[in-house]
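The next block is work-v3.csv, given as CSV, C-alpha atoms.
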```
chain,number,residue,atom,x,y,z
A,1,MET,CA,133.0,-52.7,-27.4
A,2,ASN,CA,134.9,-55.9,-27.9
A,3,CYS,CA,136.4,-57.5,-31.1
A,4,ARG,CA,133.4,-59.7,-31.7
A,5,THR,CA,131.1,-56.6,-32.0
A,6,PHE,CA,133.7,-54.8,-34.2
A,7,GLN,CA,134.0,-57.9,-36.4
A,8,ARG,CA,130.3,-58.0,-36.9
A,9,GLN,CA,130.3,-54.4,-38.0
A,10,ILE,CA,133.0,-55.0,-40.6
A,11,SER,CA,130.4,-56.5,-43.0
A,12,SER,CA,128.2,-53.3,-42.8
A,13,PHE,CA,131.3,-51.2,-43.0
A,14,VAL,CA,132.4,-52.8,-46.3
A,15,ASP,CA,128.9,-52.3,-47.6
A,16,ALA,CA,129.0,-48.6,-46.6
A,17,GLU,CA,125.9,-49.2,-44.4
A,18,LEU,CA,127.4,-48.4,-41.1
A,19,GLY,CA,126.5,-45.1,-39.4
A,20,PRO,CA,129.2,-42.3,-39.1
A,21,ALA,CA,129.9,-42.7,-35.4
A,22,ALA,CA,130.2,-46.5,-35.6
A,23,THR,CA,132.4,-46.1,-38.7
A,24,GLU,CA,134.7,-43.8,-36.9
A,25,ALA,CA,134.9,-46.1,-33.9
A,26,LEU,CA,135.6,-49.1,-36.1
A,27,ARG,CA,138.4,-47.3,-38.0
A,28,GLU,CA,140.1,-46.4,-34.7
A,29,HIS,CA,139.8,-50.1,-33.6
A,30,LEU,CA,141.2,-51.5,-36.9
A,31,ALA,CA,144.2,-49.2,-36.6
A,32,GLN,CA,145.0,-50.8,-33.2
A,33,CYS,CA,143.8,-54.5,-33.5
A,34,ARG,CA,145.7,-56.8,-35.8
A,35,GLU,CA,143.1,-59.6,-35.6
A,36,CYS,CA,140.2,-57.4,-36.6
A,37,ARG,CA,142.3,-55.8,-39.3
A,38,SER,CA,143.1,-59.2,-40.7
A,39,ARG,CA,139.3,-60.0,-40.6
A,40,TYR,CA,138.6,-56.8,-42.4
A,41,GLU,CA,141.1,-57.6,-45.1
A,42,ARG,CA,139.6,-61.0,-45.7
A,43,VAL,CA,136.1,-59.6,-45.9
A,44,ALA,CA,137.3,-56.8,-48.3
A,45,ALA,CA,139.1,-59.3,-50.5
A,46,LEU,CA,136.0,-61.5,-50.7
A,47,ASP,CA,133.9,-58.4,-51.6
A,48,ALA,CA,136.4,-57.5,-54.3
A,49,ALA,CA,136.3,-61.0,-55.7
A,50,LEU,CA,132.5,-61.1,-55.7
A,51,LYS,CA,132.3,-57.8,-57.5
A,52,ALA,CA,134.9,-58.9,-60.1
A,53,MET,CA,133.4,-62.3,-60.5
A,54,PRO,CA,132.3,-62.7,-64.1
A,55,THR,CA,128.5,-62.9,-64.3
A,56,GLU,CA,126.8,-65.1,-66.8
A,57,ARG,CA,124.9,-63.3,-69.5
A,58,PRO,CA,121.5,-64.5,-70.7
A,59,GLN,CA,121.2,-65.6,-74.4
A,60,PRO,CA,121.2,-62.5,-76.6
A,61,ASP,CA,117.6,-62.7,-77.7
A,62,LEU,CA,116.1,-63.3,-74.3
A,63,ALA,CA,114.7,-59.8,-74.1
A,64,GLY,CA,113.3,-60.2,-77.6
A,65,GLN,CA,111.6,-63.4,-76.6
A,66,VAL,CA,110.1,-61.8,-73.6
A,67,LYS,CA,108.8,-58.9,-75.7
A,68,VAL,CA,107.1,-61.3,-78.1
A,69,ARG,CA,105.3,-63.1,-75.2
A,70,ILE,CA,104.3,-59.7,-73.7
A,71,ALA,CA,102.9,-58.5,-77.1
A,72,ARG,CA,100.8,-61.7,-77.4
A,73,VAL,CA,99.4,-61.1,-73.9
A,74,ALA,CA,98.8,-57.4,-74.7
A,75,THR,CA,96.9,-58.3,-77.9
A,76,ARG,CA,94.7,-60.8,-76.0
A,77,ARG,CA,94.1,-58.3,-73.3
A,78,ASP,CA,93.1,-55.6,-75.8
A,79,GLU,CA,90.6,-58.0,-77.4
A,80,GLN,CA,89.2,-58.7,-74.0
A,81,ARG,CA,89.0,-55.0,-73.3
A,82,ALA,CA,87.0,-54.4,-76.5
A,83,PHE,CA,84.7,-57.3,-75.6
A,84,PRO,CA,85.0,-57.8,-71.9
A,85,ASP,CA,83.5,-60.9,-70.3
A,86,TRP,CA,80.6,-59.0,-68.9
A,87,ILE,CA,79.6,-58.2,-72.5
A,88,ARG,CA,80.8,-61.4,-74.1
A,89,VAL,CA,79.0,-63.9,-71.8
A,90,PRO,CA,75.5,-62.3,-71.9
A,91,LEU,CA,76.0,-61.7,-75.7
A,92,ALA,CA,76.8,-65.3,-76.3
A,93,ALA,CA,73.8,-66.3,-74.1
A,94,MET,CA,71.5,-64.0,-76.0
A,95,ILE,CA,72.7,-65.4,-79.4
A,96,ILE,CA,72.1,-68.9,-78.2
A,97,LEU,CA,68.7,-68.1,-76.8
A,98,LEU,CA,67.8,-66.2,-80.0
A,99,ALA,CA,68.8,-69.2,-82.1
A,100,LEU,CA,66.8,-71.5,-79.9
A,101,GLY,CA,63.8,-69.2,-80.0
A,102,LEU,CA,64.0,-68.9,-83.8
A,103,GLY,CA,64.4,-72.7,-84.1
A,104,ASN,CA,61.4,-73.2,-81.9
A,105,LEU,CA,59.4,-70.7,-83.8
A,106,ALA,CA,60.2,-72.3,-87.1
A,107,GLY,CA,59.4,-75.7,-85.7
A,108,ARG,CA,56.1,-74.5,-84.4
A,109,SER,CA,55.1,-72.9,-87.7
A,110,MET,CA,56.0,-76.1,-89.5
A,111,LEU,CA,54.1,-78.1,-87.0
A,112,GLY,CA,51.1,-75.7,-87.4
A,113,THR,CA,51.3,-76.3,-91.1
A,114,VAL,CA,51.3,-80.0,-90.9
A,115,SER,CA,48.9,-80.2,-88.0
A,116,ALA,CA,45.8,-82.5,-88.2
A,117,GLU,CA,43.4,-79.6,-88.6
A,118,GLN,CA,44.8,-78.3,-91.9
A,119,PRO,CA,46.5,-81.2,-93.7
A,120,GLU,CA,45.4,-80.0,-97.1
A,121,ALA,CA,47.3,-76.8,-96.7
A,122,LEU,CA,50.7,-78.6,-96.6
A,123,LEU,CA,49.7,-80.9,-99.4
A,124,GLU,CA,48.7,-77.9,-101.5
A,125,ILE,CA,52.1,-76.3,-100.8
A,126,VAL,CA,54.0,-79.4,-101.7
A,127,ALA,CA,52.5,-79.9,-105.1
A,128,PRO,CA,51.3,-76.5,-106.2
A,129,ALA,CA,52.0,-76.8,-110.0
A,130,THR,CA,49.9,-79.9,-110.5
A,131,ASP,CA,46.3,-80.3,-109.8
A,132,TYR,CA,47.1,-83.2,-107.6
A,133,SER,CA,47.5,-82.9,-103.9
A,134,LEU,CA,50.3,-84.6,-102.1
A,135,ALA,CA,47.9,-87.2,-100.8
A,136,GLU,CA,46.7,-88.0,-104.3
A,137,VAL,CA,50.3,-88.2,-105.6
A,138,VAL,CA,51.3,-90.5,-102.9
A,139,MET,CA,48.2,-92.6,-103.5
A,140,ASN,CA,48.9,-92.8,-107.2
A,141,VAL,CA,52.5,-93.8,-106.6
A,142,SER,CA,51.3,-96.5,-104.2
A,143,SER,CA,48.8,-97.9,-106.6
A,144,GLU,CA,51.4,-97.9,-109.4
A,145,GLU,CA,53.8,-99.8,-107.2
A,146,ASN,CA,51.0,-102.2,-106.2
A,147,GLY,CA,50.1,-102.6,-109.9
A,148,GLN,CA,53.7,-103.5,-110.7
B,1,MET,CA,109.9,-37.4,-79.0
B,2,ARG,CA,112.6,-38.3,-76.4
B,3,PRO,CA,114.2,-41.7,-76.9
B,4,TRP,CA,113.1,-44.4,-74.6
B,5,THR,CA,116.5,-44.8,-73.2
B,6,ASP,CA,116.4,-41.3,-71.8
B,7,ARG,CA,113.2,-41.9,-69.9
B,8,THR,CA,113.1,-42.8,-66.2
B,9,ASP,CA,111.6,-46.1,-65.1
B,10,GLU,CA,108.6,-44.3,-63.6
B,11,GLU,CA,107.9,-42.5,-66.9
B,12,LEU,CA,108.1,-45.8,-68.8
B,13,VAL,CA,105.8,-47.5,-66.3
B,14,SER,CA,103.3,-44.7,-66.7
B,15,LEU,CA,103.4,-45.0,-70.5
B,16,ALA,CA,103.2,-48.8,-70.3
B,17,ARG,CA,100.1,-48.5,-68.2
B,18,GLU,CA,98.5,-46.3,-70.9
B,19,GLY,CA,99.2,-49.2,-73.3
B,20,SER,CA,102.6,-48.4,-74.7
B,21,GLY,CA,104.2,-51.7,-75.6
B,22,ALA,CA,107.4,-50.0,-76.6
B,23,ALA,CA,107.7,-48.4,-73.1
B,24,PHE,CA,107.4,-51.8,-71.4
B,25,GLY,CA,109.9,-53.2,-74.0
B,26,GLU,CA,112.4,-50.6,-72.9
B,27,LEU,CA,112.0,-51.8,-69.3
B,28,VAL,CA,112.5,-55.4,-70.5
B,29,ASP,CA,115.8,-54.3,-72.2
B,30,ARG,CA,116.9,-52.4,-69.2
B,31,TYR,CA,116.2,-55.1,-66.6
B,32,ALA,CA,116.4,-58.5,-68.3
B,33,PRO,CA,120.1,-58.9,-67.5
B,34,VAL,CA,119.8,-58.2,-63.8
B,35,VAL,CA,116.7,-60.3,-63.4
B,36,TYR,CA,118.6,-63.1,-65.2
B,37,ARG,CA,121.6,-62.7,-62.8
B,38,VAL,CA,119.5,-62.9,-59.7
B,39,ALA,CA,117.5,-65.9,-61.0
B,40,ARG,CA,120.7,-67.6,-62.0
B,41,VAL,CA,122.1,-67.2,-58.5
B,42,ILE,CA,119.0,-68.6,-56.9
B,43,THR,CA,118.1,-71.4,-59.4
B,44,GLY,CA,121.7,-72.3,-60.4
B,45,VAL,CA,120.5,-73.4,-63.8
B,46,PRO,CA,120.7,-71.1,-66.9
B,47,GLU,CA,117.6,-72.5,-68.6
B,48,ASP,CA,115.5,-72.1,-65.5
B,49,ALA,CA,116.9,-68.6,-65.0
B,50,GLU,CA,115.7,-67.7,-68.5
B,51,GLU,CA,112.3,-69.1,-67.8
B,52,VAL,CA,112.2,-67.0,-64.6
B,53,VAL,CA,113.0,-63.9,-66.6
B,54,GLN,CA,110.1,-64.6,-68.9
B,55,GLU,CA,107.7,-65.3,-66.1
B,56,THR,CA,108.9,-62.3,-64.1
B,57,PHE,CA,108.2,-59.8,-66.9
B,58,LEU,CA,104.9,-61.4,-67.8
B,59,ARG,CA,103.8,-61.1,-64.1
B,60,ALA,CA,105.1,-57.5,-64.0
B,61,PHE,CA,103.2,-56.6,-67.1
B,62,LYS,CA,99.9,-58.2,-65.9
B,63,HIS,CA,100.2,-56.6,-62.5
B,64,LEU,CA,101.6,-53.2,-63.5
B,65,GLU,CA,98.7,-51.5,-61.8
B,66,GLN,CA,99.9,-52.8,-58.5
B,67,PHE,CA,103.3,-51.1,-58.8
B,68,SER,CA,103.6,-48.0,-56.6
B,69,ILE,CA,106.6,-45.8,-56.6
B,70,GLU,CA,105.8,-44.7,-53.1
B,71,LYS,CA,106.5,-48.3,-51.9
B,72,ALA,CA,109.6,-49.2,-54.0
B,73,SER,CA,111.5,-48.5,-57.2
B,74,PHE,CA,110.5,-50.4,-60.3
B,75,ARG,CA,113.8,-52.4,-60.1
B,76,THR,CA,113.1,-53.4,-56.5
B,77,TRP,CA,109.5,-54.4,-57.3
B,78,LEU,CA,110.7,-56.4,-60.3
B,79,LEU,CA,113.5,-58.1,-58.4
B,80,ALA,CA,111.0,-59.1,-55.7
B,81,ILE,CA,108.9,-60.8,-58.3
B,82,ALA,CA,112.0,-62.4,-59.8
B,83,ARG,CA,113.0,-63.8,-56.4
B,84,ASN,CA,109.6,-65.3,-55.8
B,85,GLN,CA,109.6,-66.9,-59.2
B,86,SER,CA,113.1,-68.2,-58.7
B,87,ILE,CA,112.3,-69.7,-55.3
B,88,ASN,CA,109.3,-71.6,-56.9
B,89,VAL,CA,111.6,-73.0,-59.5
B,90,PHE,CA,114.4,-73.6,-57.0
B,91,SER,CA,112.2,-75.5,-54.6
B,92,ALA,CA,111.3,-78.0,-57.3
B,93,LEU,CA,114.8,-78.2,-58.6
B,94,LYS,CA,116.3,-78.7,-55.1
B,95,ARG,CA,114.3,-81.9,-54.6
B,96,LYS,CA,115.5,-83.2,-58.0
B,97,ALA,CA,119.1,-82.1,-57.3
B,98,ALA,CA,119.3,-83.6,-53.8
B,99,ARG,CA,119.3,-87.1,-55.1
B,100,PHE,CA,121.8,-86.4,-57.9
B,101,LEU,CA,124.2,-84.5,-55.6
B,102,TYR,CA,124.0,-87.3,-53.0
B,103,GLU,CA,125.1,-89.8,-55.7
B,104,PHE,CA,127.8,-87.4,-57.0
B,105,GLU,CA,129.3,-86.9,-53.5
B,106,ALA,CA,129.3,-90.7,-52.9
B,107,GLU,CA,131.2,-91.2,-56.2
B,108,SER,CA,133.5,-88.4,-55.4
B,109,SER,CA,134.5,-89.8,-52.0
B,110,ARG,CA,135.1,-93.2,-53.5
B,111,ARG,CA,137.6,-91.7,-55.9
B,112,LYS,CA,139.4,-90.0,-53.1
B,113,GLN,CA,140.2,-93.3,-51.3
B,114,PRO,CA,144.0,-93.9,-50.9
B,115,ASP,CA,143.8,-97.2,-52.7
B,116,ASN,CA,142.3,-95.6,-55.7
B,117,PRO,CA,145.1,-95.1,-58.3
B,118,HIS,CA,143.2,-92.1,-59.9
B,119,ALA,CA,143.0,-90.2,-56.6
B,120,VAL,CA,144.1,-86.6,-56.8
B,121,ASP,CA,145.8,-84.5,-54.1
B,122,PHE,CA,143.6,-81.5,-54.1
B,123,ARG,CA,145.9,-79.4,-52.0
B,124,ASP,CA,148.7,-79.6,-54.5
B,125,ALA,CA,146.3,-79.1,-57.4
B,126,GLU,CA,145.0,-75.9,-55.8
B,127,SER,CA,148.3,-74.1,-56.4
B,128,LEU,CA,147.7,-74.6,-60.1
B,129,LEU,CA,144.3,-73.1,-60.1
B,130,SER,CA,143.7,-70.4,-62.6
B,131,THR,CA,141.7,-67.3,-61.8
B,132,LYS,CA,138.8,-68.8,-63.8
B,133,GLN,CA,139.0,-71.9,-61.6
B,134,GLU,CA,139.1,-69.7,-58.5
B,135,TYR,CA,135.9,-68.1,-59.5
B,136,ALA,CA,134.4,-71.5,-60.2
B,137,ARG,CA,135.4,-72.4,-56.7
B,138,LEU,CA,133.8,-69.3,-55.3
B,139,GLN,CA,130.6,-70.0,-57.2
B,140,LYS,CA,130.6,-73.5,-55.8
B,141,VAL,CA,131.0,-72.2,-52.3
B,142,LEU,CA,128.2,-69.6,-52.9
B,143,ALA,CA,126.0,-72.5,-54.0
B,144,GLU,CA,126.4,-74.1,-50.6
B,145,LEU,CA,124.9,-71.1,-48.8
B,146,PRO,CA,121.3,-71.1,-47.8
B,147,GLU,CA,119.2,-69.3,-50.5
B,148,ARG,CA,118.5,-66.3,-48.4
B,149,GLN,CA,122.1,-65.7,-47.5
B,150,ARG,CA,123.3,-66.2,-51.1
B,151,THR,CA,120.6,-63.9,-52.6
B,152,ALA,CA,121.3,-61.1,-50.0
B,153,LEU,CA,125.0,-61.3,-50.5
B,154,ILE,CA,124.8,-61.2,-54.3
B,155,LEU,CA,122.2,-58.4,-54.4
B,156,LYS,CA,124.6,-56.4,-52.2
B,157,THR,CA,127.9,-57.1,-53.8
B,158,GLN,CA,127.0,-57.6,-57.5
B,159,GLU,CA,123.9,-55.5,-57.9
B,160,GLU,CA,125.0,-52.9,-55.3
B,161,LEU,CA,121.6,-52.5,-53.7
B,162,SER,CA,121.1,-51.0,-50.3
B,163,TYR,CA,120.1,-53.1,-47.3
B,164,GLU,CA,116.7,-51.4,-47.4
B,165,GLU,CA,116.2,-52.3,-51.1
B,166,ILE,CA,117.2,-55.9,-50.5
B,167,ALA,CA,114.9,-56.1,-47.5
B,168,ARG,CA,112.0,-55.0,-49.8
B,169,ILE,CA,112.9,-57.6,-52.4
B,170,MET,CA,113.2,-60.3,-49.8
B,171,ASN,CA,110.2,-59.2,-47.8
B,172,SER,CA,112.4,-58.8,-44.7
B,173,SER,CA,113.9,-56.0,-42.6
B,174,SER,CA,117.2,-54.1,-43.0
B,175,SER,CA,118.6,-55.5,-39.8
B,176,ALA,CA,117.7,-59.1,-41.0
B,177,VAL,CA,119.5,-58.4,-44.3
B,178,GLU,CA,122.5,-57.1,-42.5
B,179,SER,CA,122.6,-60.3,-40.4
B,180,LEU,CA,122.1,-62.5,-43.5
B,181,ILE,CA,125.0,-60.8,-45.3
B,182,PHE,CA,127.3,-61.0,-42.3
B,183,ARG,CA,126.6,-64.7,-41.9
B,184,ALA,CA,127.0,-65.3,-45.6
B,185,ARG,CA,130.4,-63.7,-45.7
B,186,ARG,CA,131.6,-65.5,-42.6
B,187,ARG,CA,130.5,-68.8,-44.1
B,188,VAL,CA,132.1,-68.2,-47.5
B,189,ILE,CA,135.4,-67.3,-45.8
B,190,GLU,CA,135.2,-70.4,-43.7
B,191,LEU,CA,134.5,-72.6,-46.7
B,192,LEU,CA,137.3,-71.0,-48.8
B,193,GLU,CA,139.8,-71.3,-46.0
B,194,ARG,CA,138.9,-74.9,-45.2
```
Take the structure from the file and write it as structure tokens.
Amino acid sequence: MNCRTFQRQISSFVDAELGPAATEALREHLAQCRECRSRYERVAALDAALKAMPTERPQPDLAGQVKVRIARVATRRDEQRAFPDWIRVPLAAMIILLALGLGNLAGRSMLGTVSAEQPEALLEIVAPATDYSLAEVVMNVSSEENGQ
Amino acid sequence: MRPWTDRTDEELVSLAREGSGAAFGELVDRYAPVVYRVARVITGVPEDAEEVVQETFLRAFKHLEQFSIEKASFRTWLLAIARNQSINVFSALKRKAARFLYEFEAESSRRKQPDNPHAVDFRDAESLLSTKQEYARLQKVLAELPERQRTALILKTQEELSYEEIARIMNSSSSAVESLIFRARRRVIELLER
């Protein structure tokens, strides 16, 4: 092996990632080769500097902030689990349809009450306490207005 | 009940999957600093690194079912998410920074002109550098490395991960990681000795 190959192995050697046989061969070479030894020393010095380099710390409450966001997501997820989409969507649709149906039914019954066949029924319902039907009341009001 | 701090990552993941917020909280306490350091190295901006930490844990929490101990340790899995998040932020930042750095460099070279009375002889000044400044210089040199080289080197030297773990985080192979770290070291030494 030549110096170029050994110098390439220095990086893995410093990282303790070189196999035993290659490590032994490199050690023997470093003992004899000044240039490769100098290379090794520079790589080792850089490694030491990188390990000792002060690392920036996050703001103290960062983990706390993360936990708050996670808790919010968890709550939302629990709610969704209790009422998953496959229940919520059809349920909402059913409620809407039911409301429409009831509205329609109510409308139809009102329409039935005021339909042309039985106008007296509504008129009797509107003014049950008097002996006048709604038509008569309306007519009276109209004639009074006309009189005035 | 055993304290959370005594439990392994795998135990905590298992409890978190069953709905324990406290178990996941312990994982956040355990790994927020390392996720921050990795994100900081890639993005270069403290505020962005903090955002990456938040997004990383949110993703991990939402996709906890996808974690498999057979494939990687929790730390490796988490750091892979952190790296991807950081790269997304970094790509956007890089575009913004490119213009700023170009202008900064142009201004810097104008100041170094001999006819500029404020010009500084950097070789003389170097001897006065304190250790703190040396680290700042080292950080500046690291920032000049391509992202993959920088991340691999930092994960090895500062986080002491194996080539195999780094390969998993970077979605690469051990031999590619070995090569990245070798080239990163060679480049850093070249830049420092320049």
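Closest to chain B among A:Ile87, A:Cys33, A:Ala21, A:Val68 is A:Val68, based on all atoms listed in the file.
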Residues of chain A near chain B: apply a cut-off of 6 Å, count only C-alpha atoms, and supply the list as a PyMOL selection string.
chain A and resi 11+51+63+66
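The interatomic distance for the pair CA of Arg57 (chain A) and CA of Arg150 (chain B) works out to 18.7 Å.
Comparing B:Ala152, B:Ile42, B:Trp4, B:Asp9 by their smallest distance to Glu165 (chain B), the closest is B:Ala152 (using all atoms listed in the file).
The residue that comes closest to Phe13 (chain A), out of A:Asp61, A:Glu35, A:Asp85, A:Asp47 and on the basis of all atoms listed in the file, is A:Asp47.
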Suppose you want the space between CA of Ser175 (chain B) and CA of Arg8 (chain A); what is it in Å?
12.3 Å
From CA of Ala71 (chain A) to CA of Met1 (chain B) the spacing works out at 22.3 Å
For Ser68 (chain B), find every residue with an atom within 10 Å (counting only C-alpha atoms), except residues of its own chain fewer than 5 positions away, and show them as a ChimeraX atom specification.
/B:10,13,73-74,77
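Comparing the minimum interatomic distances between Gln9 (chain A) and each of A:Leu30, A:Met94, A:Met110, A:Ala45, counting all atoms listed in the file, we find that A:Leu30 sits nearest.
In this comparison, which uses all atoms listed in the file, the residue of B:Leu12, B:Ile69, B:Ala39, B:Ala80 approaching Asn171 (chain B) most closely is B:Ala80.
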